[in-house]
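S.K.: My questions all concern the structure below.
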There are 2 protein chains.
Amino acid sequence: MKNIVLTIEYDGTNYHGWQKQNNSLGIQDVIGNALYKVTGENINLIGSSRTDAGVHALFQVANFYTNTQIPVERLPFAINSILPKDIVIVDAFEANQEFHSRYSAKKKRYKYIIYNRRFPMPIKRNYSWHISKELEIEKMIYASKYLIGTHDFSSFKASGSEIKNNIRTIYEILIQKQEDEIILEIEADGFLYNMVRIITGTLVYVGLGKINAEEILNILESKDRTKAGITAPPQGLYLLKIYY
Amino acid sequence: MKNIVLTIEYDGTNYHGWQKQNNSLGIQDVIGNALYKVTGENINLIGSSRTDAGVHALFQVANFYTNTQIPVERLPFAINSILPKDIVIVDAFEANQEFHSRYSAKKKRYKYIIYNRRFPMPIKRNYSWHISKELEIEKMIYASKYLIGTHDFSSFKASGSEIKNNIRTIYEILIQKQEDEIILEIEADGFLYNMVRIITGTLVYVGLGKINAEEILNILESKDRTKAGITAPPQGLYLLKIYY
């Protein structure tokens with residue numbers, strides 16, 4: 001069997017995330033159904049990251065095993081012709097048998113977009129987090145430096161998550177202002193559940209003056225989720241890149 | 001009575017344009033209904049431009065006469081609390097009695113966004129025109145120069161329009177590439193029906209090599225709509241600025 005890798009973009013607005021929840025459709029199933037129509041096989045599609053409801057992907061990676069005779073370079077066109085317009089396959093290639101989109105991932109990069117002006121922007125309502133009070137971006141950048149490196153990120157993990165090893169390494173946090181947008185990019189060897197959104201919510205609290213930048217160290221050391229800021233809403237989050 | 005001016009942003013995706021069509025809701029009516037709830041008055045809301053279904057506004061201007069006692073600076077908050085999230089009032093101020101959002105306008109500026117890469121981008125599907133073949137932007141810029149100035153733009157007007165004076169003055173056409181986006185901005189003293197979208201479609205034909213840049217002069221002189229390119233789809237168009 002061939003091990004086919006897809007790179008995928010999607011608008012998460014109308015889905016309950018990568019995986020289905022109860023009876024609601026997941027993006028994984030929508031692509032799986034399209035793959036069934038294209039290959040005639042029941043496909044087990046393995047995604048690199050389980051994005052939540054409302055979260056977008058500019059670069060999701062998923063792989064599957066198939067006996068299809070369709071040339072791999074034709075697959076994006078064949079699958080896209082069946083998919084709804086908010087999910088697009090942008091690339092397909094054959095990998096070695098061992099490649100696993102999740103376990104083989106070395107690094108991941110996410111982006112978070114904040115819209116910072118008095119009134120929300122209609123065309124960005126599903127693609128950013130609107131904050132009307134002006135954020136002090138310099139403080140946010142300063143605070144973000146405390147998160148770089150290898151730490152126990154228990155304070156930045158949604159409660160209820162069952163993962164036991166909470167140590168991750170953040171390689172970079174980039175915070176830039178472009179007109180009314182504040183764009184955060186975070187790269188790490190992996191992320192705990194809701195980690196990017198809790199980091200974003202905490203840095204926003206720093207930008208609003210609700211938390212001192214130096215306080216980040218204490219929050220990290222406390223290993224207590226309640227010490228960090230709120231969880232930023234999903235619609236500002238974008239899966240940006242997976243490195244293998 | 002006070003003459004109140006609103007500046008408005010909206011996402012045109014879910015509406016049949018500024019004005020209602022048959023039984024479908026227009027953005028004008030949605031705001032009018034909100035104004036009724038806020039003021040208790042039946043408001044005649046006058047918009048600067050009748051944007052089509054799917055077209056967005058980053059700066060629409062509308063005015064209305066009212067006896068309301070609500071302070072004008074509170075109006076955006078009061079109206080926004082009733083409006084759906086895809087329409088936002090960003091400013092309100094009192095003008096002199098003569099101000100008319102349409103007739104007082106001196107210049108208008110529109111933006112058009114083209115997404116130019118192999119596959120469409122899901123999060124931009126309602127906010128741009130996807131073109132998969134690579135556009136030669138230098139040719140488009142060259143061709144656009146022929147349109148600058150005062151001309152009879154009959155060739156760039158949707159058929160069926162009843163306006164008789166087809167002479168308009170284009171002050172500027174700016175065409176820029178930002179990563180996969182090609183952004184056109186056009187400023188004129190006024191626009192004929194569908195003029196921005198027909199100009200965009202024609203320049204895209206130039207970028208695709210279907211029309212020679214020099215041909216634009218002949219198209220203008222022909223005063224024949226069928227000589228120009230296609231009408232670009234509405235979702236890439238943004239009302240950007242009205243000058244008074």
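Note on naming: chains are A, B, ... as they come in the structure tokens, residues start from 1 per chain, ligands start from 1 in the order shown.
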Using only C-alpha atoms, find each residue of chain B with at least one atom at most 12 Å away from an atom of chain A; report its shortest atom-to-atom pair and that distance in Å (one decimal), sort the rows by chain and rising residue number, and return the result as a Markdown table.
M.R.:
| residue | atom | partner | partner_atom | distance |
| --- | --- | --- | --- | --- |
| B:Thr7 | CA | A:Phe119 | CA | 11.8 |
| B:Ile8 | CA | A:Pro122 | CA | 9.9 |
| B:Glu9 | CA | A:Pro122 | CA | 6.6 |
| B:Tyr10 | CA | A:Pro122 | CA | 5.4 |
| B:Asp11 | CA | A:Ile123 | CA | 5.0 |
| B:Gly12 | CA | A:Ile123 | CA | 8.5 |
| B:Thr13 | CA | A:Ile123 | CA | 9.1 |
| B:Asn14 | CA | A:Ile123 | CA | 11.3 |
| B:Gly54 | CA | A:Ile123 | CA | 11.5 |
| B:Val55 | CA | A:Ile123 | CA | 10.9 |
| B:His56 | CA | A:Ile123 | CA | 7.9 |
| B:Ala57 | CA | A:Ile123 | CA | 8.9 |
| B:Leu58 | CA | A:Met121 | CA | 8.5 |
| B:Phe59 | CA | A:Met121 | CA | 11.1 |
| B:Pro76 | CA | A:Phe119 | CA | 9.2 |
| B:Phe77 | CA | A:Phe119 | CA | 9.1 |
| B:Asn80 | CA | A:Phe119 | CA | 9.2 |
| B:Ser81 | CA | A:Phe119 | CA | 11.5 |
| B:Leu83 | CA | A:Pro122 | CA | 11.1 |
| B:Pro84 | CA | A:Pro122 | CA | 9.4 |
| B:Lys85 | CA | A:Pro122 | CA | 6.3 |
| B:Asp86 | CA | A:Pro122 | CA | 4.5 |
| B:Ile87 | CA | A:Pro122 | CA | 5.9 |
| B:Val88 | CA | A:Pro122 | CA | 6.5 |
| B:Ile89 | CA | A:Phe119 | CA | 8.1 |
| B:Val90 | CA | A:Phe119 | CA | 6.3 |
| B:Asp91 | CA | A:Phe119 | CA | 9.4 |
| B:Arg117 | CA | A:Val90 | CA | 10.2 |
| B:Arg118 | CA | A:Val90 | CA | 8.1 |
| B:Phe119 | CA | A:Val90 | CA | 6.2 |
| B:Pro120 | CA | A:Val88 | CA | 7.2 |
| B:Met121 | CA | A:Glu9 | CA | 7.2 |
| B:Pro122 | CA | A:Asp86 | CA | 4.5 |
| B:Ile123 | CA | A:Asp11 | CA | 5.0 |
| B:Lys124 | CA | A:Asp11 | CA | 8.7 |
| B:Arg125 | CA | A:Lys85 | CA | 7.4 |
| B:Asn126 | CA | A:Ile123 | CA | 9.3 |
| B:Tyr127 | CA | A:Ile123 | CA | 8.1 |
| B:Ser128 | CA | A:Ile123 | CA | 11.7 |
| B:His130 | CA | A:Lys85 | CA | 11.7 |
| B:Gln235 | CA | A:Ile123 | CA | 11.2 |
| B:Gly236 | CA | A:Ile123 | CA | 11.9 |
| B:Tyr238 | CA | A:Ile123 | CA | 10.5 |
S.K.: Show which residues sit within 7 Å of Ile4 (chain B), as a VMD selection string. Count only C-alpha atoms, and ignore same-chain residues fewer than 6 positions away.
M.R.: chain B and resid 63 to 65 92 to 95
S.K.: Quick one: of A:Ala62, A:Ile199, A:Met140, A:Ile230, who's nearest to Lys111 (chain A), counting only C-alpha atoms?
M.R.: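 The closest residue to Lys111 (chain A) is A:Ile199.
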S.K.: List every residue of region 41-193 of chain A that DSSP, applied to the backbone of this structure, places in alpha helix (DSSP H), and write the result as a ChimeraX atom specification.
M.R.: /A:75-80,137-144
S.K.: Considering only C-alpha atoms, return as a VMD selection string whatever protein or nucleic-acid residues lie within 10 Å of Glu214 (chain B), sequence-local ones (same chain, fewer than 6 positions apart) excluded.
M.R.: chain B and resid 139 142 to 146 206
S.K.: Take the residues that were just selected and, keeping N, CA and C atoms, output them as a CSV table (one decimal), in the first residue's frame.
M.R.:
chain,number,residue,atom,x,y,z
B,139,LYS,N,1.9,43.8,-17.0
B,139,LYS,CA,1.1,44.1,-18.1
B,139,LYS,C,-0.2,44.8,-17.6
B,142,TYR,N,0.5,48.4,-16.8
B,142,TYR,CA,0.7,49.1,-18.0
B,142,TYR,C,-0.7,49.4,-18.6
B,143,ALA,N,-1.5,48.4,-18.7
B,143,ALA,CA,-2.9,48.6,-19.3
B,143,ALA,C,-3.7,49.6,-18.5
B,144,SER,N,-3.5,49.6,-17.2
B,144,SER,CA,-4.4,50.4,-16.3
B,144,SER,C,-4.2,51.9,-16.6
B,145,LYS,N,-3.0,52.3,-17.1
B,145,LYS,CA,-2.6,53.7,-17.4
B,145,LYS,C,-3.6,54.3,-18.4
B,146,TYR,N,-4.0,53.4,-19.4
B,146,TYR,CA,-4.9,53.9,-20.4
B,146,TYR,C,-6.3,54.4,-19.9
B,206,VAL,N,-6.0,41.0,-19.5
B,206,VAL,CA,-4.7,41.5,-19.9
B,206,VAL,C,-3.6,40.7,-19.2
S.K.: What are the closest atom pairs, with distances in Å to one decimal, for each residue of region 56-109 of chain A lying within 8 Å of region 190-194 of chain A, using only C-alpha atoms, rows by chain and rising residue number, as a tab-separated table?
M.R.:
residue	atom	partner	partner_atom	distance
A:Lys106	CA	A:Gly190	CA	7.8
A:Lys107	CA	A:Gly190	CA	6.2
A:Lys108	CA	A:Gly190	CA	6.2
S.K.: Which neighbours of Glu185 (chain A) fall inside 9 Å, counting only C-alpha atoms, when residues of the same chain fewer than 6 positions from it are skipped, and could you give them as a list in words?
M.R.: Arg109, Tyr110, Lys111, Tyr112, Ile113, Glu172, Ile173, Leu174, Ile175, Gln176 and Leu240 of chain A
S.K.: Per DSSP on the backbone, what are the strand (DSSP E or B) residues of region 87-184 of chain B, as a PyMOL selection string?
M.R.: chain B and resi 87-95+107-116+129-131+149-152+167-178+181-184
S.K.: Keeping only N, CA and C atoms, write the selected residues to a file as a compact mmCIF listing (two decimals), in the first residue's frame.
M.R.:
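Wrote it out as out.txt, contents follow:
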# COMPACT_ATOMS: atom_id res chain seq x y z
N ILE B 87 -22.46 43.55 10.34
CA ILE B 87 -22.63 44.98 10.05
C ILE B 87 -22.23 45.75 11.31
N VAL B 88 -21.34 46.73 11.17
CA VAL B 88 -20.88 47.50 12.33
C VAL B 88 -20.86 48.99 11.99
N ILE B 89 -21.47 49.79 12.86
CA ILE B 89 -21.38 51.25 12.75
C ILE B 89 -20.10 51.67 13.46
N VAL B 90 -19.18 52.30 12.73
CA VAL B 90 -17.90 52.67 13.35
C VAL B 90 -17.83 54.15 13.73
N ASP B 91 -18.77 54.94 13.24
CA ASP B 91 -18.76 56.36 13.61
C ASP B 91 -20.13 56.97 13.33
N ALA B 92 -20.44 58.01 14.08
CA ALA B 92 -21.68 58.77 13.85
C ALA B 92 -21.39 60.22 14.20
N PHE B 93 -21.86 61.14 13.37
CA PHE B 93 -21.68 62.56 13.67
C PHE B 93 -22.80 63.36 13.02
N GLU B 94 -23.00 64.58 13.51
CA GLU B 94 -24.06 65.42 12.95
C GLU B 94 -23.49 66.29 11.84
N ALA B 95 -24.21 66.34 10.72
CA ALA B 95 -23.77 67.16 9.59
C ALA B 95 -24.74 68.31 9.40
N LYS B 107 -15.52 62.04 -4.44
CA LYS B 107 -14.68 60.96 -4.99
C LYS B 107 -15.01 59.67 -4.23
N LYS B 108 -14.78 58.55 -4.91
CA LYS B 108 -14.94 57.25 -4.26
C LYS B 108 -13.73 56.39 -4.57
N ARG B 109 -13.44 55.51 -3.63
CA ARG B 109 -12.32 54.60 -3.84
C ARG B 109 -12.77 53.17 -3.53
N TYR B 110 -12.49 52.27 -4.44
CA TYR B 110 -12.80 50.85 -4.26
C TYR B 110 -11.51 50.04 -4.25
N LYS B 111 -11.60 48.88 -3.60
CA LYS B 111 -10.48 47.93 -3.61
C LYS B 111 -10.99 46.61 -4.18
N TYR B 112 -10.15 45.92 -4.92
CA TYR B 112 -10.50 44.58 -5.40
C TYR B 112 -9.35 43.62 -5.10
N ILE B 113 -9.67 42.49 -4.47
CA ILE B 113 -8.63 41.52 -4.10
C ILE B 113 -8.74 40.26 -4.95
N ILE B 114 -7.63 39.93 -5.60
CA ILE B 114 -7.51 38.71 -6.40
C ILE B 114 -6.57 37.76 -5.67
N TYR B 115 -6.96 36.51 -5.55
CA TYR B 115 -6.05 35.52 -4.98
C TYR B 115 -5.47 34.71 -6.12
N ASN B 116 -4.18 34.84 -6.35
CA ASN B 116 -3.55 34.27 -7.53
C ASN B 116 -2.55 33.19 -7.15
N TRP B 129 -11.24 36.97 -5.37
CA TRP B 129 -11.48 36.22 -6.61
C TRP B 129 -10.28 35.33 -6.83
N HIS B 130 -10.52 34.04 -6.85
CA HIS B 130 -9.40 33.12 -7.06
C HIS B 130 -9.13 32.92 -8.55
N ILE B 131 -7.88 33.13 -8.94
CA ILE B 131 -7.44 32.88 -10.32
C ILE B 131 -6.21 31.99 -10.25
N GLY B 149 -7.84 59.21 -16.12
CA GLY B 149 -8.31 60.43 -16.76
C GLY B 149 -9.80 60.40 -17.04
N THR B 150 -10.24 61.38 -17.82
CA THR B 150 -11.67 61.54 -18.11
C THR B 150 -12.01 60.85 -19.43
N HIS B 151 -12.89 59.87 -19.36
CA HIS B 151 -13.27 59.10 -20.54
C HIS B 151 -14.76 58.79 -20.50
N ASP B 152 -15.26 58.40 -21.65
CA ASP B 152 -16.58 57.77 -21.71
C ASP B 152 -16.38 56.29 -21.41
N ILE B 167 -19.57 59.54 -18.76
CA ILE B 167 -18.23 60.12 -18.63
C ILE B 167 -17.86 60.21 -17.15
N ARG B 168 -16.71 59.63 -16.84
CA ARG B 168 -16.21 59.66 -15.48
C ARG B 168 -14.71 59.96 -15.53
N THR B 169 -14.18 60.38 -14.37
CA THR B 169 -12.74 60.65 -14.28
C THR B 169 -12.11 59.70 -13.26
N ILE B 170 -11.20 58.88 -13.75
CA ILE B 170 -10.43 58.01 -12.84
C ILE B 170 -9.15 58.74 -12.47
N TYR B 171 -8.93 58.91 -11.16
CA TYR B 171 -7.75 59.62 -10.69
C TYR B 171 -6.55 58.70 -10.49
N GLU B 172 -6.87 57.47 -10.09
CA GLU B 172 -5.75 56.57 -9.77
C GLU B 172 -6.19 55.12 -9.90
N ILE B 173 -5.31 54.29 -10.43
CA ILE B 173 -5.47 52.84 -10.34
C ILE B 173 -4.15 52.31 -9.80
N LEU B 174 -4.22 51.68 -8.63
CA LEU B 174 -3.02 51.16 -7.97
C LEU B 174 -3.13 49.65 -8.01
N ILE B 175 -2.08 48.99 -8.49
CA ILE B 175 -2.10 47.52 -8.55
C ILE B 175 -0.85 47.01 -7.84
N GLN B 176 -1.05 46.26 -6.78
CA GLN B 176 0.08 45.80 -5.98
C GLN B 176 -0.01 44.31 -5.73
N LYS B 177 1.14 43.66 -5.61
CA LYS B 177 1.17 42.23 -5.28
C LYS B 177 1.70 42.08 -3.86
N GLN B 178 0.94 41.36 -3.02
CA GLN B 178 1.41 41.06 -1.66
C GLN B 178 1.28 39.55 -1.46
N GLU B 181 -1.66 37.63 -3.07
CA GLU B 181 -2.76 38.56 -3.36
C GLU B 181 -2.35 39.62 -4.37
N ILE B 182 -3.24 39.90 -5.31
CA ILE B 182 -3.07 41.07 -6.16
C ILE B 182 -4.20 42.02 -5.78
N ILE B 183 -3.81 43.22 -5.35
CA ILE B 183 -4.78 44.18 -4.82
C ILE B 183 -4.87 45.37 -5.76
N LEU B 184 -6.07 45.62 -6.27
CA LEU B 184 -6.32 46.80 -7.11
C LEU B 184 -7.06 47.84 -6.29
S.K.: Need the shell around Ser49 (chain B): protein/DNA/RNA residues with any atom at most 9 Å away, counting only C-alpha atoms. Skip same-chain ones fewer than 4 positions apart. Format as number ranges by chain?
M.R.: B: 18, 60-62, 101-102, 239
S.K.: Nearest to Gly207 (chain A) among A:Ile27, A:Ala228, A:Leu135, A:Ile46, with distances taken over only C-alpha atoms: which residue is it?
M.R.: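 With only C-alpha atoms as the atom set, the closest residue is A:Leu135.
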